[in-house]
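K.L.:
Please see the structure below; I have some questions.
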Amino acid sequence: MLGNISRSEECEMSETVTISAKIPKEVYAELMIRIPEGERSRFIRDAITEKLQKTPRANKILELEKRIRKIEEDLSLIKKTLADLEVLTYERGKINPHAFCVDKIDHAIIDHLIHYGGATTSELAETLKVNRWLILNRLKRIMKRSKNELGKPVIEYSAREKAGKRKAWWLNEELTQIS
């Protein structure tokens, strides 16, 4: 309706509605100076109409978000299926675990895991001087992101004892280029 309203159509609108708006005094003063008294209502009407024409409708944005989410899910499913069929190869030296990091904390976590082979959440939190829950959330996010992209996680949690550590996080050695 507002998409292509011309000035002649605007004048022919059958019904108008009165609205009120609070604006800063400086804007009001500028409006008084620039726009003659008899044309202020039309100016404000035109400004609102122009702004609405540039603003996408909410239902279109929601529809696009749903379509993007569906495409992402389908792509993730395709990658996982290809990984299960071993069409995507996971040769040693192909995956860089830093590719799934977002910021310095993620990189520090991966660096620690590379250097020490594995670590508990508490060890990582103490070494990096951050909250243990932050570390846990970051580890889960890296694991989820890598699993979505590769079909297998680049880091894994193991509750059993390995290399003298229990309940620790480890790099998936078959995927990573660091041995």
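Residue names in the structure tokens use chain letters A, B, ... in the order shown, residue numbers from 1 in each chain, and ligand numbers from 1 in the order shown.
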Contacts of region 95-101 of chain A at 12 Å or less, counting only C-alpha atoms, minus same-chain residues fewer than 6 places along, as JSON, numbers by chain?

P.N.:
{"A": [88, 89, 107, 108, 109, 110, 111, 112, 113, 114, 138, 139, 140, 141, 142, 143, 144, 145, 146, 147, 148, 149, 150, 152, 153, 154, 155, 156, 170, 171, 172, 173, 174, 175, 176, 177, 178, 179]}

K.L.:
Go through region 12-173 of chain A and collect every residue that DSSP, computed from the backbone, puts in strand (DSSP E or B); the answer should be as an mmCIF file with N, CA and C atoms, in the first residue's frame.

P.N.:
```
data_model
loop_
_atom_site.group_PDB
_atom_site.id
_atom_site.type_symbol
_atom_site.label_atom_id
_atom_site.label_comp_id
_atom_site.auth_asym_id
_atom_site.auth_seq_id
_atom_site.Cartn_x
_atom_site.Cartn_y
_atom_site.Cartn_z
ATOM 1 N N ILE A 95 42.594 -30.032 8.752
ATOM 2 C CA ILE A 95 41.736 -29.139 9.526
ATOM 3 C C ILE A 95 42.571 -28.354 10.538
ATOM 4 N N GLY A 118 45.410 -31.881 26.230
ATOM 5 C CA GLY A 118 44.061 -31.877 26.756
ATOM 6 C C GLY A 118 44.037 -31.096 28.050
ATOM 7 N N ALA A 119 42.849 -30.754 28.514
ATOM 8 C CA ALA A 119 42.734 -29.995 29.753
ATOM 9 C C ALA A 119 41.314 -30.081 30.278
ATOM 10 N N ILE A 155 37.003 -30.797 18.777
ATOM 11 C CA ILE A 155 37.390 -31.083 20.163
ATOM 12 C C ILE A 155 36.330 -31.987 20.763
ATOM 13 N N GLU A 156 36.761 -32.808 21.732
ATOM 14 C CA GLU A 156 35.840 -33.761 22.331
ATOM 15 C C GLU A 156 36.029 -33.783 23.840
ATOM 16 N N TYR A 157 34.955 -34.091 24.542
ATOM 17 C CA TYR A 157 34.998 -34.239 25.991
ATOM 18 C C TYR A 157 35.056 -35.723 26.307
ATOM 19 N N SER A 158 35.925 -36.085 27.223
ATOM 20 C CA SER A 158 36.027 -37.474 27.643
ATOM 21 C C SER A 158 36.022 -37.527 29.163
ATOM 22 N N LYS A 162 42.533 -40.247 30.644
ATOM 23 C CA LYS A 162 43.385 -40.280 29.460
ATOM 24 C C LYS A 162 44.579 -39.381 29.755
ATOM 25 N N LYS A 165 44.477 -37.471 33.014
ATOM 26 C CA LYS A 165 43.414 -36.488 33.266
ATOM 27 C C LYS A 165 42.057 -37.169 33.126
ATOM 28 N N ALA A 168 38.114 -34.401 30.886
ATOM 29 C CA ALA A 168 38.892 -33.360 30.211
ATOM 30 C C ALA A 168 38.454 -33.228 28.749
ATOM 31 N N TRP A 169 38.881 -32.133 28.142
ATOM 32 C CA TRP A 169 38.626 -31.838 26.726
ATOM 33 C C TRP A 169 39.890 -32.140 25.938
ATOM 34 N N TRP A 170 39.713 -32.745 24.765
ATOM 35 C CA TRP A 170 40.843 -33.166 23.940
ATOM 36 C C TRP A 170 40.604 -32.766 22.495
ATOM 37 N N LEU A 171 41.681 -32.480 21.775
ATOM 38 C CA LEU A 171 41.586 -32.258 20.335
ATOM 39 C C LEU A 171 41.333 -33.591 19.662
#
```
